[in-house]
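File shown here: protein.pdb, holding PDB, C-alpha atoms and all ligand atoms.
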ATOM      1  CA  MET A   1     132.820  70.985   6.747  1.00  0.00           C
ATOM      2  CA  LYS A   2     129.816  73.362   6.699  1.00  0.00           C
ATOM      3  CA  ASN A   3     129.600  76.308   4.360  1.00  0.00           C
ATOM      4  CA  LYS A   4     130.517  79.437   6.288  1.00  0.00           C
ATOM      5  CA  ILE A   5     128.502  82.430   7.456  1.00  0.00           C
ATOM      6  CA  ILE A   6     130.498  85.605   6.865  1.00  0.00           C
ATOM      7  CA  ALA A   7     128.973  88.679   8.460  1.00  0.00           C
ATOM      8  CA  GLY A   8     130.216  92.240   8.172  1.00  0.00           C
ATOM      9  CA  ASN A   9     129.730  94.480  11.199  1.00  0.00           C
ATOM     10  CA  TRP A  10     129.891  98.028   9.931  1.00  0.00           C
ATOM     11  CA  LYS A  11     129.547  99.443  13.466  1.00  0.00           C
ATOM     12  CA  MET A  12     128.841 103.225  13.406  1.00  0.00           C
ATOM     13  CA  ASN A  13     130.171 103.738   9.886  1.00  0.00           C
ATOM     14  CA  LYS A  14     128.745 104.636   6.476  1.00  0.00           C
ATOM     15  CA  THR A  15     126.221 107.293   5.563  1.00  0.00           C
ATOM     16  CA  ARG A  16     123.430 106.280   3.206  1.00  0.00           C
ATOM     17  CA  ILE A  17     125.397 107.350   0.145  1.00  0.00           C
ATOM     18  CA  GLU A  18     128.519 105.519   1.333  1.00  0.00           C
ATOM     19  CA  ALA A  19     126.417 102.451   2.123  1.00  0.00           C
ATOM     20  CA  GLU A  20     124.979 102.479  -1.384  1.00  0.00           C
ATOM     21  CA  GLN A  21     128.466 102.653  -2.914  1.00  0.00           C
ATOM     22  CA  LEU A  22     129.777  99.833  -0.729  1.00  0.00           C
ATOM     23  CA  ILE A  23     126.822  97.532  -1.361  1.00  0.00           C
ATOM     24  CA  ASN A  24     126.841  98.134  -5.107  1.00  0.00           C
ATOM     25  CA  ALA A  25     130.557  97.334  -5.200  1.00  0.00           C
ATOM     26  CA  LEU A  26     130.089  94.215  -3.075  1.00  0.00           C
ATOM     27  CA  ILE A  27     127.214  92.568  -4.966  1.00  0.00           C
ATOM     28  CA  PRO A  28     129.201  91.373  -8.013  1.00  0.00           C
ATOM     29  CA  LEU A  29     132.235  90.422  -5.907  1.00  0.00           C
ATOM     30  CA  VAL A  30     130.393  87.883  -3.712  1.00  0.00           C
ATOM     31  CA  LYS A  31     127.753  86.569  -6.072  1.00  0.00           C
ATOM     32  CA  GLY A  32     129.549  83.268  -6.780  1.00  0.00           C
ATOM     33  CA  THR A  33     130.088  82.169  -3.177  1.00  0.00           C
ATOM     34  CA  LYS A  34     128.541  79.152  -1.464  1.00  0.00           C
ATOM     35  CA  ASN A  35     128.941  80.892   1.869  1.00  0.00           C
ATOM     36  CA  THR A  36     126.190  82.949   3.471  1.00  0.00           C
ATOM     37  CA  VAL A  37     126.927  86.667   3.281  1.00  0.00           C
ATOM     38  CA  VAL A  38     125.460  89.101   5.819  1.00  0.00           C
ATOM     39  CA  ILE A  39     126.009  92.832   6.265  1.00  0.00           C
ATOM     40  CA  CYS A  40     125.070  94.325   9.641  1.00  0.00           C
ATOM     41  CA  VAL A  41     124.627  98.014   9.005  1.00  0.00           C
ATOM     42  CA  PRO A  42     123.627 101.076  11.074  1.00  0.00           C
ATOM     43  CA  PHE A  43     119.858 101.514  11.568  1.00  0.00           C
ATOM     44  CA  THR A  44     119.799 104.445   9.157  1.00  0.00           C
ATOM     45  CA  ASP A  45     121.211 102.277   6.341  1.00  0.00           C
ATOM     46  CA  LEU A  46     118.836  99.332   6.803  1.00  0.00           C
ATOM     47  CA  CYS A  47     116.128 100.413   4.344  1.00  0.00           C
ATOM     48  CA  LYS A  48     118.631 101.147   1.639  1.00  0.00           C
ATOM     49  CA  ALA A  49     120.553  97.919   2.299  1.00  0.00           C
ATOM     50  CA  VAL A  50     117.408  95.774   2.095  1.00  0.00           C
ATOM     51  CA  LYS A  51     116.344  97.479  -1.135  1.00  0.00           C
ATOM     52  CA  LEU A  52     119.752  97.228  -2.826  1.00  0.00           C
ATOM     53  CA  THR A  53     120.350  93.577  -1.866  1.00  0.00           C
ATOM     54  CA  LYS A  54     116.922  92.333  -2.971  1.00  0.00           C
ATOM     55  CA  GLY A  55     117.428  89.444  -5.386  1.00  0.00           C
ATOM     56  CA  THR A  56     121.105  89.046  -4.441  1.00  0.00           C
ATOM     57  CA  ASN A  57     122.805  86.575  -2.076  1.00  0.00           C
ATOM     58  CA  ILE A  58     123.501  89.281   0.526  1.00  0.00           C
ATOM     59  CA  HIS A  59     121.441  89.232   3.726  1.00  0.00           C
ATOM     60  CA  VAL A  60     120.924  92.273   5.908  1.00  0.00           C
ATOM     61  CA  GLY A  61     121.325  92.526   9.663  1.00  0.00           C
ATOM     62  CA  ALA A  62     121.054  95.196  12.349  1.00  0.00           C
ATOM     63  CA  GLN A  63     123.482  95.679  15.235  1.00  0.00           C
ATOM     64  CA  ASN A  64     121.106  95.566  18.199  1.00  0.00           C
ATOM     65  CA  CYS A  65     117.458  95.226  19.189  1.00  0.00           C
ATOM     66  CA  HIS A  66     115.485  95.649  22.391  1.00  0.00           C
ATOM     67  CA  TRP A  67     113.716  92.939  24.382  1.00  0.00           C
ATOM     68  CA  LYS A  68     110.307  94.665  24.316  1.00  0.00           C
ATOM     69  CA  GLU A  69     108.088  95.172  21.303  1.00  0.00           C
ATOM     70  CA  SER A  70     107.251  98.801  22.184  1.00  0.00           C
ATOM     71  CA  GLY A  71     107.353 101.231  25.063  1.00  0.00           C
ATOM     72  CA  ALA A  72     109.297 103.960  26.804  1.00  0.00           C
ATOM     73  CA  PHE A  73     112.812 102.899  25.776  1.00  0.00           C
ATOM     74  CA  THR A  74     114.292 106.005  24.197  1.00  0.00           C
ATOM     75  CA  GLY A  75     116.959 105.250  21.636  1.00  0.00           C
ATOM     76  CA  GLU A  76     116.133 101.551  21.307  1.00  0.00           C
ATOM     77  CA  ILE A  77     114.682  99.549  18.400  1.00  0.00           C
ATOM     78  CA  ALA A  78     112.057  96.802  18.648  1.00  0.00           C
ATOM     79  CA  PRO A  79     112.686  93.499  16.840  1.00  0.00           C
ATOM     80  CA  SER A  80     109.486  93.854  14.788  1.00  0.00           C
ATOM     81  CA  MET A  81     110.642  97.281  13.587  1.00  0.00           C
ATOM     82  CA  LEU A  82     113.552  95.413  11.992  1.00  0.00           C
ATOM     83  CA  THR A  83     111.582  92.518  10.493  1.00  0.00           C
ATOM     84  CA  GLU A  84     109.102  95.036   9.094  1.00  0.00           C
ATOM     85  CA  LEU A  85     111.954  96.411   6.964  1.00  0.00           C
ATOM     86  CA  GLY A  86     113.033  92.972   5.732  1.00  0.00           C
ATOM     87  CA  VAL A  87     115.997  92.664   8.094  1.00  0.00           C
ATOM     88  CA  GLU A  88     116.962  89.020   8.788  1.00  0.00           C
ATOM     89  CA  TYR A  89     119.842  89.072  11.277  1.00  0.00           C
ATOM     90  CA  VAL A  90     120.754  91.074  14.355  1.00  0.00           C
ATOM     91  CA  VAL A  91     124.024  91.284  16.280  1.00  0.00           C
ATOM     92  CA  ILE A  92     123.439  90.885  20.026  1.00  0.00           C
ATOM     93  CA  GLY A  93     125.881  91.457  22.880  1.00  0.00           C
ATOM     94  CA  HIS A  94     128.846  92.721  20.870  1.00  0.00           C
ATOM     95  CA  SER A  95     131.776  93.455  23.205  1.00  0.00           C
ATOM     96  CA  GLU A  96     131.448  97.172  22.425  1.00  0.00           C
ATOM     97  CA  ARG A  97     127.863  97.008  23.692  1.00  0.00           C
ATOM     98  CA  ARG A  98     128.989  95.067  26.766  1.00  0.00           C
ATOM     99  CA  THR A  99     131.843  97.519  27.467  1.00  0.00           C
ATOM    100  CA  TYR A 100     130.294 100.897  26.647  1.00  0.00           C
ATOM    101  CA  PHE A 101     126.556 100.343  27.060  1.00  0.00           C
ATOM    102  CA  GLY A 102     126.271  98.053  30.046  1.00  0.00           C
ATOM    103  CA  GLU A 103     125.102  94.889  28.288  1.00  0.00           C
ATOM    104  CA  THR A 104     125.139  91.883  30.584  1.00  0.00           C
ATOM    105  CA  ASP A 105     124.526  88.199  30.000  1.00  0.00           C
ATOM    106  CA  ALA A 106     120.949  88.825  31.218  1.00  0.00           C
ATOM    107  CA  THR A 107     120.252  91.645  28.734  1.00  0.00           C
ATOM    108  CA  VAL A 108     121.909  89.612  25.971  1.00  0.00           C
ATOM    109  CA  LEU A 109     119.546  86.741  26.754  1.00  0.00           C
ATOM    110  CA  ALA A 110     116.493  89.041  26.838  1.00  0.00           C
ATOM    111  CA  ARG A 111     117.399  90.643  23.511  1.00  0.00           C
ATOM    112  CA  THR A 112     118.124  87.256  21.942  1.00  0.00           C
ATOM    113  CA  LYS A 113     114.771  85.817  23.042  1.00  0.00           C
ATOM    114  CA  ALA A 114     112.895  88.845  21.683  1.00  0.00           C
ATOM    115  CA  ALA A 115     114.792  88.742  18.402  1.00  0.00           C
ATOM    116  CA  LEU A 116     113.981  85.043  17.973  1.00  0.00           C
ATOM    117  CA  ALA A 117     110.320  85.623  18.800  1.00  0.00           C
ATOM    118  CA  ALA A 118     110.159  88.213  16.015  1.00  0.00           C
ATOM    119  CA  GLY A 119     111.773  85.822  13.519  1.00  0.00           C
ATOM    120  CA  LEU A 120     115.222  87.421  13.447  1.00  0.00           C
ATOM    121  CA  LYS A 121     118.419  85.363  13.462  1.00  0.00           C
ATOM    122  CA  PRO A 122     120.580  86.627  16.326  1.00  0.00           C
ATOM    123  CA  ILE A 123     124.370  86.686  15.986  1.00  0.00           C
ATOM    124  CA  VAL A 124     125.248  86.446  19.677  1.00  0.00           C
ATOM    125  CA  CYS A 125     128.752  87.612  20.607  1.00  0.00           C
ATOM    126  CA  ILE A 126     130.866  86.221  23.410  1.00  0.00           C
ATOM    127  CA  GLY A 127     134.560  86.492  24.201  1.00  0.00           C
ATOM    128  CA  GLU A 128     137.151  87.083  26.895  1.00  0.00           C
ATOM    129  CA  THR A 129     139.329  90.108  27.587  1.00  0.00           C
ATOM    130  CA  LEU A 130     143.117  89.883  27.531  1.00  0.00           C
ATOM    131  CA  GLU A 131     143.231  90.086  31.305  1.00  0.00           C
ATOM    132  CA  GLU A 132     140.782  87.203  31.594  1.00  0.00           C
ATOM    133  CA  ARG A 133     142.813  85.111  29.155  1.00  0.00           C
ATOM    134  CA  ASN A 134     146.158  85.914  30.785  1.00  0.00           C
ATOM    135  CA  SER A 135     144.865  85.157  34.248  1.00  0.00           C
ATOM    136  CA  GLY A 136     143.755  81.699  33.129  1.00  0.00           C
ATOM    137  CA  ASN A 137     140.054  82.552  33.280  1.00  0.00           C
ATOM    138  CA  MET A 138     139.158  82.310  29.583  1.00  0.00           C
ATOM    139  CA  GLU A 139     137.167  79.091  29.889  1.00  0.00           C
ATOM    140  CA  LYS A 140     135.410  80.274  33.023  1.00  0.00           C
ATOM    141  CA  VAL A 141     134.293  83.496  31.282  1.00  0.00           C
ATOM    142  CA  LEU A 142     133.173  81.763  28.093  1.00  0.00           C
ATOM    143  CA  GLN A 143     131.335  79.140  30.112  1.00  0.00           C
ATOM    144  CA  ARG A 144     129.502  81.833  32.090  1.00  0.00           C
ATOM    145  CA  GLN A 145     128.613  83.828  28.960  1.00  0.00           C
ATOM    146  CA  VAL A 146     127.122  80.728  27.325  1.00  0.00           C
ATOM    147  CA  ARG A 147     125.361  79.280  30.376  1.00  0.00           C
ATOM    148  CA  GLU A 148     123.875  82.633  31.452  1.00  0.00           C
ATOM    149  CA  GLY A 149     123.373  84.141  28.021  1.00  0.00           C
ATOM    150  CA  PHE A 150     121.545  81.087  26.656  1.00  0.00           C
ATOM    151  CA  LYS A 151     119.866  79.733  29.734  1.00  0.00           C
ATOM    152  CA  ASP A 152     116.275  80.184  28.483  1.00  0.00           C
ATOM    153  CA  VAL A 153     117.058  79.426  24.826  1.00  0.00           C
ATOM    154  CA  THR A 154     115.450  76.183  23.649  1.00  0.00           C
ATOM    155  CA  GLU A 155     117.135  73.668  21.367  1.00  0.00           C
ATOM    156  CA  GLU A 156     114.674  74.629  18.616  1.00  0.00           C
ATOM    157  CA  GLU A 157     115.634  78.294  19.005  1.00  0.00           C
ATOM    158  CA  LEU A 158     119.343  77.476  19.022  1.00  0.00           C
ATOM    159  CA  ALA A 159     119.012  76.301  15.417  1.00  0.00           C
ATOM    160  CA  ASN A 160     118.261  79.912  14.415  1.00  0.00           C
ATOM    161  CA  ILE A 161     121.204  81.427  16.290  1.00  0.00           C
ATOM    162  CA  VAL A 162     124.730  82.151  15.156  1.00  0.00           C
ATOM    163  CA  VAL A 163     127.356  82.509  17.888  1.00  0.00           C
ATOM    164  CA  ALA A 164     130.370  84.754  17.333  1.00  0.00           C
ATOM    165  CA  TYR A 165     133.432  84.008  19.451  1.00  0.00           C
ATOM    166  CA  GLU A 166     135.256  87.319  19.549  1.00  0.00           C
ATOM    167  CA  PRO A 167     138.192  87.647  21.925  1.00  0.00           C
ATOM    168  CA  VAL A 168     137.965  91.285  23.038  1.00  0.00           C
ATOM    169  CA  TRP A 169     141.739  91.732  22.701  1.00  0.00           C
ATOM    170  CA  ALA A 170     141.492  90.948  18.980  1.00  0.00           C
ATOM    171  CA  ILE A 171     138.619  93.286  18.088  1.00  0.00           C
ATOM    172  CA  GLY A 172     139.739  96.343  16.166  1.00  0.00           C
ATOM    173  CA  THR A 173     143.315  95.918  17.396  1.00  0.00           C
ATOM    174  CA  GLY A 174     144.938  94.330  14.360  1.00  0.00           C
ATOM    175  CA  VAL A 175     145.948  91.445  16.642  1.00  0.00           C
ATOM    176  CA  THR A 176     144.248  88.304  15.392  1.00  0.00           C
ATOM    177  CA  ALA A 177     143.966  85.099  17.385  1.00  0.00           C
ATOM    178  CA  THR A 178     146.096  82.416  15.762  1.00  0.00           C
ATOM    179  CA  ASP A 179     144.186  79.790  13.811  1.00  0.00           C
ATOM    180  CA  GLU A 180     144.784  77.347  16.670  1.00  0.00           C
ATOM    181  CA  GLN A 181     143.799  79.779  19.446  1.00  0.00           C
ATOM    182  CA  ALA A 182     140.527  80.552  17.668  1.00  0.00           C
ATOM    183  CA  ASN A 183     139.846  76.904  16.879  1.00  0.00           C
ATOM    184  CA  ASP A 184     140.572  75.735  20.441  1.00  0.00           C
ATOM    185  CA  ALA A 185     138.388  78.421  22.033  1.00  0.00           C
ATOM    186  CA  ILE A 186     135.519  77.608  19.673  1.00  0.00           C
ATOM    187  CA  ALA A 187     135.918  73.888  20.373  1.00  0.00           C
ATOM    188  CA  PHE A 188     135.605  74.718  24.071  1.00  0.00           C
ATOM    189  CA  VAL A 189     132.516  76.886  23.474  1.00  0.00           C
ATOM    190  CA  ARG A 190     130.983  74.075  21.421  1.00  0.00           C
ATOM    191  CA  SER A 191     131.612  71.624  24.248  1.00  0.00           C
ATOM    192  CA  VAL A 192     129.630  73.872  26.614  1.00  0.00           C
ATOM    193  CA  PHE A 193     126.745  73.941  24.125  1.00  0.00           C
ATOM    194  CA  ALA A 194     127.014  70.143  23.785  1.00  0.00           C
ATOM    195  CA  ASP A 195     126.647  69.855  27.529  1.00  0.00           C
ATOM    196  CA  MET A 196     123.536  72.053  27.462  1.00  0.00           C
ATOM    197  CA  TYR A 197     121.852  70.882  24.246  1.00  0.00           C
ATOM    198  CA  GLY A 198     123.499  67.598  23.238  1.00  0.00           C
ATOM    199  CA  LYS A 199     126.253  66.811  20.761  1.00  0.00           C
ATOM    200  CA  GLU A 200     124.126  66.946  17.603  1.00  0.00           C
ATOM    201  CA  ALA A 201     122.707  70.424  18.294  1.00  0.00           C
ATOM    202  CA  ALA A 202     126.181  71.686  19.209  1.00  0.00           C
ATOM    203  CA  GLU A 203     127.692  70.307  16.022  1.00  0.00           C
ATOM    204  CA  LYS A 204     125.005  71.964  13.897  1.00  0.00           C
ATOM    205  CA  LEU A 205     125.458  75.301  15.670  1.00  0.00           C
ATOM    206  CA  TYR A 206     127.319  77.920  13.650  1.00  0.00           C
ATOM    207  CA  ILE A 207     130.144  79.455  15.677  1.00  0.00           C
ATOM    208  CA  GLN A 208     132.063  82.248  13.975  1.00  0.00           C
ATOM    209  CA  TYR A 209     135.399  83.760  14.860  1.00  0.00           C
ATOM    210  CA  GLY A 210     135.707  87.547  15.026  1.00  0.00           C
ATOM    211  CA  GLY A 211     138.655  89.811  15.793  1.00  0.00           C
ATOM    212  CA  SER A 212     140.792  91.540  13.154  1.00  0.00           C
ATOM    213  CA  MET A 213     139.886  88.957  10.531  1.00  0.00           C
ATOM    214  CA  ASN A 214     140.791  90.232   7.087  1.00  0.00           C
ATOM    215  CA  ASP A 215     141.695  89.352   3.510  1.00  0.00           C
ATOM    216  CA  LYS A 216     145.150  88.158   4.649  1.00  0.00           C
ATOM    217  CA  ASN A 217     144.271  85.807   7.498  1.00  0.00           C
ATOM    218  CA  ALA A 218     140.762  84.632   6.560  1.00  0.00           C
ATOM    219  CA  GLU A 219     141.770  81.536   4.628  1.00  0.00           C
ATOM    220  CA  GLY A 220     143.729  80.020   7.505  1.00  0.00           C
ATOM    221  CA  LEU A 221     141.010  80.757  10.039  1.00  0.00           C
ATOM    222  CA  LEU A 222     138.143  79.584   7.855  1.00  0.00           C
ATOM    223  CA  ASN A 223     139.884  76.308   7.060  1.00  0.00           C
ATOM    224  CA  MET A 224     139.953  75.335  10.738  1.00  0.00           C
ATOM    225  CA  SER A 225     137.540  72.547  11.583  1.00  0.00           C
ATOM    226  CA  GLU A 226     135.617  74.349  14.364  1.00  0.00           C
ATOM    227  CA  ILE A 227     135.330  77.788  12.752  1.00  0.00           C
ATOM    228  CA  ASP A 228     132.033  78.159  10.916  1.00  0.00           C
ATOM    229  CA  GLY A 229     132.517  81.681   9.631  1.00  0.00           C
ATOM    230  CA  GLY A 230     133.583  85.152  10.613  1.00  0.00           C
ATOM    231  CA  LEU A 231     132.240  88.380  12.057  1.00  0.00           C
ATOM    232  CA  ILE A 232     134.258  91.089  10.366  1.00  0.00           C
ATOM    233  CA  GLY A 233     134.521  94.705  11.520  1.00  0.00           C
ATOM    234  CA  GLY A 234     137.130  96.918   9.874  1.00  0.00           C
ATOM    235  CA  ALA A 235     137.657  94.761   6.797  1.00  0.00           C
ATOM    236  CA  SER A 236     133.915  94.771   6.030  1.00  0.00           C
ATOM    237  CA  LEU A 237     134.073  98.508   5.251  1.00  0.00           C
ATOM    238  CA  VAL A 238     135.994  97.946   2.012  1.00  0.00           C
ATOM    239  CA  ALA A 239     134.186  95.902  -0.655  1.00  0.00           C
ATOM    240  CA  GLU A 240     137.314  94.171  -2.012  1.00  0.00           C
ATOM    241  CA  LYS A 241     138.581  93.212   1.453  1.00  0.00           C
ATOM    242  CA  PHE A 242     135.225  91.884   2.654  1.00  0.00           C
ATOM    243  CA  ALA A 243     134.712  89.993  -0.606  1.00  0.00           C
ATOM    244  CA  ALA A 244     138.170  88.440  -0.225  1.00  0.00           C
ATOM    245  CA  VAL A 245     137.154  87.134   3.207  1.00  0.00           C
ATOM    246  CA  VAL A 246     133.868  85.783   1.823  1.00  0.00           C
ATOM    247  CA  ASN A 247     135.692  84.110  -1.069  1.00  0.00           C
ATOM    248  CA  ALA A 248     138.561  82.786   1.076  1.00  0.00           C
ATOM    249  CA  HIS A 249     136.561  79.633   1.755  1.00  0.00           C
ATOM    250  CA  LYS A 250     135.432  77.835  -1.413  1.00  0.00           C
TER     251      LYS A 250
HETATM  252  C1  LIG B   1     133.737  93.177  15.197  1.00  0.00           C
HETATM  253  O1  LIG B   1     133.330  94.324  15.139  1.00  0.00           O
HETATM  254  O2  LIG B   1     132.979  92.279  15.569  1.00  0.00           O
HETATM  255  C2  LIG B   1     135.127  92.904  14.823  1.00  0.00           C
HETATM  256  C3  LIG B   1     135.556  91.677  14.881  1.00  0.00           C
HETATM  257  O3  LIG B   1     135.898  93.982  14.447  1.00  0.00           O
HETATM  258  P1  LIG B   1     137.341  93.918  13.712  1.00  0.00           P
HETATM  259  O4  LIG B   1     137.203  92.919  12.586  1.00  0.00           O
HETATM  260  O5  LIG B   1     137.580  95.287  13.244  1.00  0.00           O
HETATM  261  O6  LIG B   1     138.313  93.439  14.726  1.00  0.00           O
END

Go ahead and express the file in the form of structure tokens.
Ligand code: PEP
Amino acid sequence: MKNKIIAGNWKMNKTRIEAEQLINALIPLVKGTKNTVVICVPFTDLCKAVKLTKGTNIHVGAQNCHWKESGAFTGEIAPSMLTELGVEYVVIGHSERRTYFGETDATVLARTKAALAAGLKPIVCIGETLEERNSGNMEKVLQRQVREGFKDVTEEELANIVVAYEPVWAIGTGVTATDEQANDAIAFVRSVFADMYGKEAAEKLYIQYGGSMNDKNAEGLLNMSEIDGGLIGGASLVAEKFAAVVNAHK
């Protein structure tokens, strides 16, 4: 089994002072892990996060980036503006971006390509809604998100990508997919990647689970064979809870 990649998605939470407190509390709690630890913080916390985590095992990520390097795109951030700060990861296509801000598989692909070109590691989110799952369309939706959202991504680029399978019905709801549901969906997603890139590339690919993962359910999820880590929202806002998720897999 691979070591895991555990990423916190702070969403639109934490002022700079709160970020400083959270990061300072987190550093000693995760320093012994073999897993990769990432915190994806609001743009305004990035500088502080990079500075505070220097010399630690915590990596810093942003929560979005644009597909162009500059231009008339009010409110957006260019990938090189992130790398310039020392940011390493970026979340792309989170379901909240797809639902509230009109992200599509095409914009996810464009953002992913630009992030890769700048040297960022994209954490690309996919996942079905409850309606899609209940109507028997889960595999169709996941298949489309992977085939469309990765269609111009090369095998070489895939090695620098993390995929997060996040069933929309489990995000921020307190309803977690069972260990088996998460494992089966990720196995399916991996089979689509295997079809596109070959078995070896698909096996190497990190595919996280995300959706109400916390200190209580992390161990079960992270011990499943297909689950290579977690993308954690709510539980990443409390140092002890996030550290417990990180340390749930030895
Ligand atoms: C997320 O934001 O990606 C997420 C999974 O949130 P939560 O853990 O709160 O469900």

### Query
If you count all atoms listed in the file, which residues fall within 9 Å of region 226-238 of chain A, apart from same-chain ones fewer than 3 positions away, as a ChimeraX atom specification?
/A:1-11,13-14,22,26,35-36,39,123,164-166,171-172,182-184,186-187,190,205-215,218,221-223,241-243,245-246

### Task
Would you work out the distance separating CA of Cys65 (chain A) from CA of Val189 (chain A), expressed in Å to one decimal?
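Between CA of Cys65 (chain A) and CA of Val189 (chain A) the gap is 24.1 Å.
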
Decode the PyMOL selection byres (((chain A and resi 18) around 12) and not hetatm) for the given file into explicit residues and return them as a PDB file with C-alpha atoms, keeping the file's coordinate frame.
ATOM      1  CA  TRP A  10     129.891  98.028   9.931  1.00  0.00           C
ATOM      2  CA  ASN A  13     130.171 103.738   9.886  1.00  0.00           C
ATOM      3  CA  LYS A  14     128.745 104.636   6.476  1.00  0.00           C
ATOM      4  CA  THR A  15     126.221 107.293   5.563  1.00  0.00           C
ATOM      5  CA  ARG A  16     123.430 106.280   3.206  1.00  0.00           C
ATOM      6  CA  ILE A  17     125.397 107.350   0.145  1.00  0.00           C
ATOM      7  CA  ALA A  19     126.417 102.451   2.123  1.00  0.00           C
ATOM      8  CA  GLU A  20     124.979 102.479  -1.384  1.00  0.00           C
ATOM      9  CA  GLN A  21     128.466 102.653  -2.914  1.00  0.00           C
ATOM     10  CA  LEU A  22     129.777  99.833  -0.729  1.00  0.00           C
ATOM     11  CA  ILE A  23     126.822  97.532  -1.361  1.00  0.00           C
ATOM     12  CA  ASN A  24     126.841  98.134  -5.107  1.00  0.00           C
ATOM     13  CA  ALA A  25     130.557  97.334  -5.200  1.00  0.00           C
ATOM     14  CA  VAL A  41     124.627  98.014   9.005  1.00  0.00           C
ATOM     15  CA  PRO A  42     123.627 101.076  11.074  1.00  0.00           C
ATOM     16  CA  THR A  44     119.799 104.445   9.157  1.00  0.00           C
ATOM     17  CA  ASP A  45     121.211 102.277   6.341  1.00  0.00           C
ATOM     18  CA  LYS A  48     118.631 101.147   1.639  1.00  0.00           C
ATOM     19  CA  ALA A  49     120.553  97.919   2.299  1.00  0.00           C
ATOM     20  CA  LEU A 237     134.073  98.508   5.251  1.00  0.00           C
ATOM     21  CA  VAL A 238     135.994  97.946   2.012  1.00  0.00           C
ATOM     22  CA  ALA A 239     134.186  95.902  -0.655  1.00  0.00           C
TER      23      ALA A 239
END

### Query
For this file, the PyMOL selection byres (((chain A and resi 93) around 9) and not hetatm) selects which residues, as a list in words?
Asn64, Val91, Ile92, His94, Ser95, Glu96, Arg97, Arg98, Glu103, Thr104, Asp105, Thr107, Val108, Leu109, Arg111, Thr112, Ile123, Val124, Cys125 and Ile126 of chain A

### Shell of 8 Å around region 130-134 of chain A, only C-alpha atoms, local chain residues under 3 positions omitted, as a list in words
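Residues near the query, excluding close chain neighbours: Asn137, Met138, Val141, Pro167, Val168 and Trp169 of chain A.
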
### Output check: residues returned by the PyMOL selection byres (((chain A and resi 89) around 8) and not hetatm), as a VMD selection string
chain A and resid 38 40 59 to 62 87 to 88 90 to 91 120 to 123

### Query
Out of A:Asn217, A:Gln63, A:Asn247, A:Thr33, which residue has the shortest atom-to-atom distance to Val175 (chain A) when counting all atoms listed in the file?
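Of A:Asn217, A:Gln63, A:Asn247, A:Thr33, the one nearest Val175 (chain A), counting all atoms listed in the file, is A:Asn217.
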
### Query
Using only C-alpha atoms, what residues lie at most 9 Å away from (121.4, 73.6, 20.9) (file coordinates), given as a list in words?
Val153, Thr154, Glu155, Glu156, Glu157, Leu158, Ala159, Phe193, Ala194, Met196, Tyr197, Gly198, Lys199, Glu200, Ala201, Ala202, Glu203, Lys204 and Leu205 of chain A

### Task
Return the single residue from A:Thr56, A:Ser135, A:Thr173, A:Ser225 that is closest to ligand LIG 1 (chain B), with distances computed using only C-alpha atoms and all ligand atoms.
A:Thr173

### Task
Using only C-alpha atoms and all ligand atoms, pick whichever of A:Gly127, A:Gly55, A:Gly71, A:Gly119 has the shortest atom-to-atom distance to ligand LIG 1 (chain B).
A:Gly127

#### Entry: Option closest in space to ligand LIG 1 (chain B), from A:Met81, A:Met12, A:Ala118, A:Cys47 [counting all atoms listed in the file]
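Comparing A:Met81, A:Met12, A:Ala118, A:Cys47 against ligand LIG 1 (chain B), the winner is A:Met12.
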
### Message
With distances taken over only C-alpha atoms and all ligand atoms, which residue among A:Gln145, A:Lys31, A:Ala78, A:Val163 lies nearest ligand LIG 1 (chain B)?
### Response
A:Val163

### Task
Go ahead and compute the interatomic distance for CA of Gly32 (chain A) and CA of Ala244 (chain A), in Å to one decimal.
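Taking CA of Gly32 (chain A) as the start and CA of Ala244 (chain A) as the end point, the length is 12.0 Å.
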
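Counting from CA of Glu84 (chain A), the distance to CA of Phe43 (chain A) is 12.8 Å.
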
Edge lengths and centre in Å, axis-aligned, ligand LIG 1 (chain B) plus 5 Å each side, as AutoDock Vina command-line options:
--center_x 135.6 --center_y 93.5 --center_z 14.1 --size_x 15.3 --size_y 13.6 --size_z 13.0
